[in-house]
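*Asks:* My structure is stored as run-v7.txt, with compact mmCIF, C-alpha atoms and all ligand atoms.
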```txt
# COMPACT_ATOMS: atom_id res chain seq x y z
CA MET A 27 187.73 68.19 129.06
CA ARG A 28 190.54 69.89 130.94
CA GLY A 29 194.08 68.43 131.15
CA SER A 30 194.65 64.76 130.39
CA GLY A 31 192.31 63.35 133.06
CA LYS A 32 188.87 61.88 132.57
CA LEU A 33 185.73 62.94 134.39
CA ILE A 34 183.25 60.08 134.82
CA THR A 35 179.97 60.81 136.60
CA PHE A 36 177.42 58.48 138.20
CA GLU A 37 173.73 59.32 138.24
CA GLY A 38 170.38 57.82 139.12
CA ILE A 39 167.43 58.05 141.48
CA GLU A 40 167.66 57.38 145.24
CA GLY A 41 168.72 53.79 145.99
CA CYS A 42 169.94 53.02 142.46
CA GLY A 43 173.20 51.59 143.78
CA LYS A 44 175.59 54.38 142.78
CA THR A 45 177.72 54.18 145.90
CA THR A 46 178.38 50.45 145.49
CA GLN A 47 179.21 50.93 141.84
CA VAL A 48 181.55 53.88 142.48
CA ASP A 49 183.34 51.72 145.10
CA LEU A 50 183.81 48.90 142.58
CA VAL A 51 185.08 51.21 139.83
CA CYS A 52 187.49 52.85 142.32
CA ARG A 53 189.03 49.47 143.06
CA PHE A 54 189.34 48.77 139.34
CA VAL A 55 191.06 52.11 138.62
CA GLU A 56 193.40 51.66 141.61
CA LYS A 57 194.40 48.19 140.39
CA ARG A 58 195.30 49.71 137.05
CA GLY A 59 197.63 52.06 138.95
CA LEU A 60 195.99 55.19 137.55
CA PRO A 61 195.76 58.47 139.50
CA LEU A 62 192.27 58.72 140.97
CA LEU A 63 189.94 61.20 142.63
CA ARG A 64 186.73 59.86 144.10
CA THR A 65 184.30 62.62 144.93
CA ARG A 66 180.63 63.57 145.11
CA GLU A 67 178.06 66.33 144.85
CA PRO A 68 176.84 67.91 146.94
CA GLY A 69 179.64 67.94 149.50
CA GLY A 70 182.91 67.33 147.63
CA THR A 71 184.71 70.18 149.42
CA ARG A 72 184.77 71.57 152.97
CA ILE A 73 182.53 74.44 151.92
CA GLY A 74 180.37 71.98 149.97
CA ALA A 75 179.91 69.85 153.08
CA GLU A 76 178.29 72.87 154.77
CA ILE A 77 176.05 73.37 151.73
CA ARG A 78 175.17 69.65 151.72
CA LYS A 79 173.93 69.86 155.30
CA MET A 80 171.56 72.68 154.39
CA LEU A 81 170.31 70.89 151.28
CA LEU A 82 169.56 67.51 152.81
CA ASP A 83 168.41 68.39 156.33
CA PRO A 84 164.75 67.26 156.63
CA GLN A 85 164.17 70.29 158.88
CA ASN A 86 164.67 72.52 155.83
CA ARG A 87 161.34 71.43 154.37
CA ASN A 88 160.55 75.03 153.38
CA LEU A 89 163.73 75.57 151.32
CA ALA A 90 162.57 77.51 148.25
CA ASP A 91 163.06 75.73 144.92
CA ALA A 92 165.21 78.58 143.58
CA ALA A 93 167.34 78.57 146.74
CA GLU A 94 167.82 74.82 146.39
CA LEU A 95 168.92 75.20 142.77
CA LEU A 96 171.39 77.97 143.61
CA LEU A 97 172.87 75.99 146.50
CA TYR A 98 173.55 73.02 144.21
CA ALA A 99 175.13 75.42 141.72
CA ALA A 100 177.26 77.00 144.46
CA ASP A 101 178.40 73.59 145.69
CA ARG A 102 179.36 72.65 142.12
CA ALA A 103 181.24 75.87 141.38
CA GLN A 104 183.39 75.36 144.49
CA HIS A 105 183.89 71.68 143.75
CA VAL A 106 184.95 72.16 140.12
CA GLN A 107 187.43 74.90 140.99
CA GLU A 108 188.88 73.34 144.13
CA GLU A 109 188.91 69.62 143.30
CA ILE A 110 187.87 68.57 139.82
CA VAL A 111 189.96 70.89 137.62
CA PRO A 112 193.22 70.32 139.57
CA ALA A 113 192.64 66.54 139.44
CA LEU A 114 191.99 66.59 135.68
CA GLU A 115 195.09 68.73 135.19
CA ARG A 116 197.25 66.15 136.96
CA GLY A 117 195.78 63.45 134.69
CA ALA A 118 193.52 61.73 137.22
CA VAL A 119 190.46 59.63 136.59
CA VAL A 120 187.77 61.57 138.46
CA LEU A 121 184.82 59.47 139.62
CA CYS A 122 182.06 61.81 140.73
CA ASP A 123 178.86 60.66 142.44
CA ARG A 124 176.32 63.06 140.82
CA TYR A 125 177.06 66.18 138.73
CA THR A 126 175.25 68.52 136.33
CA ASP A 127 172.70 65.94 135.16
CA ALA A 128 171.39 65.58 138.73
CA THR A 129 170.39 69.24 138.68
CA LEU A 130 168.59 68.83 135.36
CA ALA A 131 166.85 65.66 136.58
CA TYR A 132 165.93 66.76 140.14
CA GLN A 133 165.49 70.53 139.89
CA GLY A 134 164.48 70.57 136.20
CA PHE A 135 162.30 67.50 135.68
CA GLY A 136 161.52 66.88 139.38
CA ARG A 137 160.78 70.42 140.58
CA GLY A 138 159.81 71.80 137.18
CA LEU A 139 162.36 74.64 137.12
CA ASP A 140 163.31 76.11 133.74
CA ARG A 141 165.78 73.77 132.07
CA PRO A 142 167.59 76.28 129.80
CA MET A 143 168.20 78.36 132.94
CA ILE A 144 169.64 75.30 134.72
CA GLU A 145 171.88 74.66 131.73
CA THR A 146 173.17 78.23 131.98
CA LEU A 147 173.84 77.77 135.71
CA ASN A 148 175.56 74.45 135.04
CA ARG A 149 177.82 76.12 132.49
CA MET A 150 178.65 78.88 134.95
CA ALA A 151 179.36 76.46 137.80
CA THR A 152 181.48 74.08 135.74
CA GLY A 153 183.26 76.56 133.47
CA GLY A 154 182.46 74.06 130.71
CA VAL A 155 184.05 71.03 132.41
CA CYS A 156 181.92 68.26 131.00
CA PRO A 157 182.03 64.52 131.80
CA ALA A 158 183.71 62.21 129.30
CA LEU A 159 181.13 59.61 130.34
CA THR A 160 178.00 59.65 132.50
CA LEU A 161 176.61 56.38 133.82
CA PHE A 162 172.89 56.52 134.54
CA ILE A 163 172.19 53.55 136.79
CA ASP A 164 168.54 52.85 136.19
CA VAL A 165 166.20 51.07 138.58
CA PRO A 166 162.40 51.16 138.86
CA VAL A 167 161.29 53.90 141.27
CA THR A 168 159.66 51.45 143.70
CA VAL A 169 162.87 49.39 143.88
CA GLY A 170 165.13 52.41 144.41
CA LEU A 171 162.95 54.02 147.06
CA ALA A 172 162.57 50.77 149.00
CA ARG A 173 166.37 50.31 149.01
CA ALA A 174 167.03 53.94 149.99
CA ARG A 175 164.54 53.90 152.85
CA GLN A 176 165.90 50.67 154.25
CA ARG A 177 169.50 51.92 154.08
CA ASN A 178 168.78 55.37 155.49
CA HIS A 179 166.82 54.04 158.44
CA GLN A 180 169.42 51.37 159.18
CA ASP A 181 172.24 53.93 159.17
CA GLY A 182 170.23 56.69 160.87
CA VAL A 183 170.90 58.86 157.80
CA ALA A 184 167.23 59.79 157.36
CA ASP A 185 167.39 62.13 160.36
CA THR A 186 170.06 64.33 158.79
CA GLU A 187 169.84 63.68 155.04
CA GLY A 188 166.29 62.48 154.40
CA ARG A 189 164.80 65.54 152.68
CA PHE A 190 164.51 63.97 149.21
CA GLU A 191 163.43 60.65 150.61
CA GLU A 192 160.29 62.40 151.86
CA GLU A 193 159.28 63.43 148.33
CA ALA A 194 156.31 61.68 146.70
CA VAL A 195 156.73 58.74 144.32
CA SER A 196 155.54 61.04 141.51
CA PHE A 197 158.57 63.31 142.14
CA HIS A 198 161.01 60.41 141.84
CA THR A 199 159.16 59.15 138.75
CA ARG A 200 159.73 62.54 137.08
CA VAL A 201 163.41 62.46 138.09
CA ARG A 202 163.80 59.02 136.50
CA GLU A 203 162.02 60.19 133.35
CA GLY A 204 164.40 63.16 133.31
CA TYR A 205 167.42 60.88 133.35
CA LEU A 206 165.89 58.81 130.53
CA ALA A 207 165.35 62.01 128.51
CA LEU A 208 168.96 63.11 129.12
CA THR A 209 170.18 59.67 128.01
CA ALA A 210 168.17 60.01 124.80
CA SER A 211 169.34 63.57 124.11
CA GLU A 212 173.06 62.92 124.66
CA PRO A 213 173.57 59.25 123.75
CA ALA A 214 177.32 59.57 123.16
CA ARG A 215 177.97 60.80 126.72
CA VAL A 216 175.13 59.46 128.88
CA LYS A 217 174.80 55.67 129.03
CA ARG A 218 171.96 53.84 130.74
CA VAL A 219 173.05 50.90 132.85
CA ASP A 220 170.58 48.36 134.23
CA GLY A 221 170.81 48.67 138.03
CA ASN A 222 168.14 46.08 138.72
CA ARG A 223 170.53 43.12 138.57
CA SER A 224 173.26 41.81 140.84
CA PRO A 225 175.90 44.43 141.74
CA GLU A 226 178.52 42.30 139.91
CA GLU A 227 176.49 42.19 136.68
CA THR A 228 175.94 45.95 136.81
CA HIS A 229 179.66 46.44 137.47
CA GLN A 230 180.58 44.38 134.40
CA GLN A 231 178.34 46.52 132.20
CA ILE A 232 179.93 49.66 133.65
CA LEU A 233 183.45 48.33 133.05
CA SER A 234 182.65 47.65 129.40
CA LEU A 235 181.75 51.35 129.08
CA ILE A 236 184.69 52.70 131.10
CA GLU A 237 187.52 50.56 129.75
CA PRO A 238 187.72 52.21 126.31
CA LEU A 239 188.28 55.54 128.06
CA LEU A 240 191.21 54.29 130.09
CA VAL A 241 193.33 52.89 127.26
CA ASN A 242 195.39 55.95 126.40
P1 LIG B 1 173.45 61.67 147.13
O1 LIG B 1 174.48 61.98 148.13
O2 LIG B 1 173.90 61.05 145.84
O3 LIG B 1 172.36 60.79 147.85
P2 LIG B 1 172.00 59.27 147.57
O4 LIG B 1 173.26 58.49 147.75
O5 LIG B 1 170.95 59.01 148.63
O6 LIG B 1 171.45 59.19 146.18
O7 LIG B 1 172.65 62.98 146.70
C1 LIG B 1 172.02 63.75 147.64
C2 LIG B 1 170.72 64.26 147.13
O8 LIG B 1 170.89 65.48 146.41
C3 LIG B 1 169.95 63.32 146.23
O9 LIG B 1 168.65 63.20 146.77
C4 LIG B 1 169.85 64.05 144.91
C5 LIG B 1 170.03 65.48 145.28
N1 LIG B 1 170.64 66.33 144.21
C6 LIG B 1 169.85 67.26 143.54
O10 LIG B 1 168.64 67.36 143.79
N2 LIG B 1 170.44 68.09 142.63
C7 LIG B 1 171.77 68.04 142.35
O11 LIG B 1 172.28 68.81 141.53
C8 LIG B 1 172.58 67.07 143.05
C9 LIG B 1 174.05 66.99 142.79
C10 LIG B 1 171.97 66.22 143.98
```
Show how you would write the structure in this file as structure tokens.
*Replies:*
Amino acid sequence: MRGSGKLITFEGIEGCGKTTQVDLVCRFVEKRGLPLLRTREPGGTRIGAEIRKMLLDPQNRNLADAAELLLYAADRAQHVQEEIVPALERGAVVLCDRYTDATLAYQGFGRGLDRPMIETLNRMATGGVCPALTLFIDVPVTVGLARARQRNHQDGVADTEGRFEEEAVSFHTRVREGYLALTASEPARVKRVDGNRSPEETHQQILSLIEPLLVN
């Protein structure tokens, strides 16, 4: 940790309900009157927004796996330096939609890239800034993908950000298994939350995990 703030990250497969849950936690933190930064990866900075476009554009089907990994790392390095560290130093609660675990789950477990190498890149990009708590919102792959496809087509997002949505079910199954493995290997930091219930029930479970962090 850096400064007196708290970094809390949200993870999960496509359509797990992260955005809704980040919204609800934001409202909770605001009501408590605490300083807050809500952010996301990729795309938490102006430079990161450019990187995000490259990463998620369905036209970039031929993006090499190593290039993809390095772009996520570049986005993160910029984000940590420009946004996350200053926010932690001013004592903010930082709610970040995806962080280092997404790279391990998607590029490591999903794409099959070398995980120790990803850990090294994560350390380089973050300078050791590690979440106080990571919420893995878990839904079955079929449920998540159905939700994501419906949302993306409704909002027209699939045309500009649909690259991962086009991946096979087996890819998303490996990503989910990756998150489960990360939960098992770092149980004190990474908590699995059941995302296959009503948004309010999921929110209550998340609050029970977040509240102890916000007391001091
Ligand atoms: P996100 O904006 O969270 O999309 P969604 O709300 O649809 O889940 O994330 C964009 C995509 O980037 C998502 O498919 C996961 C992927 N991703 C990685 O593959 N590696 C990473 O390190 C990060 C941060 C995201």
*Asks:* Might you pull out every residue within 7 Å of Arg64 (chain A), with all atoms listed in the file counted and same-chain residues fewer than 4 positions away left off, and present them as a list in words?
*Replies:*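 Everything that qualifies: Val120, Leu121 and Cys122 of chain A.
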*Asks:* Which one is closest to ligand LIG 1 (chain B): A:Lys217, A:Arg124, A:Arg116, A:Arg137? Count only C-alpha atoms and all ligand atoms.
*Replies:* A:Arg124
*Asks:* Counting all atoms listed in the file, name the residues that have an atom within 9 Å of an atom of ligand LIG 1 (chain B); the answer should be given as a ChimeraX atom specification.
*Replies:* /A:36-45,66-69,78,81-82,94-95,97-99,101-102,123-133,136,174,178,187-191
*Asks:* Find the residues near Pro61 (chain A): any atom within 10 Å, counting all atoms listed in the file, skip ones fewer than 4 places away on the same chain, and give them as a ChimeraX atom specification.
*Replies:* /A:31,55-56,113-114,116-120
*Asks:* Quick one: distance from CA of Val167 (chain A) to CA of Ile77 (chain A) in Å, one decimal?
*Replies:*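 The value is 26.6 Å.
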*Asks:* Report the distance between CA of Pro112 (chain A) and CA of Leu63 (chain A) in Å, rounded to one decimal place.
*Replies:* 10.2 Å
*Asks:* Distance CA of Thr160 (chain A)-CA of Glu237 (chain A), one decimal place?
*Replies:*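 Pair CA of Thr160 (chain A) / CA of Glu237 (chain A) returns 13.4 Å.
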*Asks:* So that I can see what lies close to Pro166 (chain A), please list as a list of chain:residue names the residues with an atom at most 10 Å from it, counting all atoms listed in the file and leaving out residues fewer than 5 positions away in the same chain.
*Replies:*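 So the residues in contact are A:Ile39, A:Gly41, A:Cys42, A:Leu171, A:His198, A:Thr199, A:Arg202, A:Asp220, A:Gly221, A:Asn222.
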*Asks:* Tell me which of A:Thr71, A:Gln176, A:Gln107, A:Thr168 sits closest to Thr152 (chain A), counting all atoms listed in the file.
*Replies:* A:Gln107
*Asks:* What's the 10 Å shell around Arg149 (chain A), counting only C-alpha atoms, without same-chain residues fewer than 5 positions away, as a PDB file with C-alpha atoms, in the coordinates of the input?
*Replies:*
```pdb
ATOM      1  CA  ALA A  99     175.130  75.420 141.720  1.00  0.00           C
ATOM      2  CA  ALA A 103     181.240  75.870 141.380  1.00  0.00           C
ATOM      3  CA  THR A 126     175.250  68.520 136.330  1.00  0.00           C
ATOM      4  CA  MET A 143     168.200  78.360 132.940  1.00  0.00           C
ATOM      5  CA  ILE A 144     169.640  75.300 134.720  1.00  0.00           C
ATOM      6  CA  GLY A 154     182.460  74.060 130.710  1.00  0.00           C
ATOM      7  CA  VAL A 155     184.050  71.030 132.410  1.00  0.00           C
ATOM      8  CA  CYS A 156     181.920  68.260 131.000  1.00  0.00           C
TER       9      CYS A 156
END
```
*Asks:* Residues around (175.6, 58.6, 130.9), cut-off 10 Å, counting only C-alpha atoms - what are they as a VMD selection string?
*Replies:* chain A and resid 34 to 38 127 157 to 163 205 to 206 208 to 210 212 to 219 235
*Asks:* Which is closer to Ser224 (chain A) than all the others in A:Ala184, A:Val165, A:Val201, A:Val106, using only C-alpha atoms?
*Replies:* A:Val165
*Asks:* A:Ala93, A:Val111, A:Leu33, A:Leu50: which is nearest His229 (chain A), counting only C-alpha atoms?
*Replies:*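 Closest to His229 (chain A), using only C-alpha atoms: A:Leu50.
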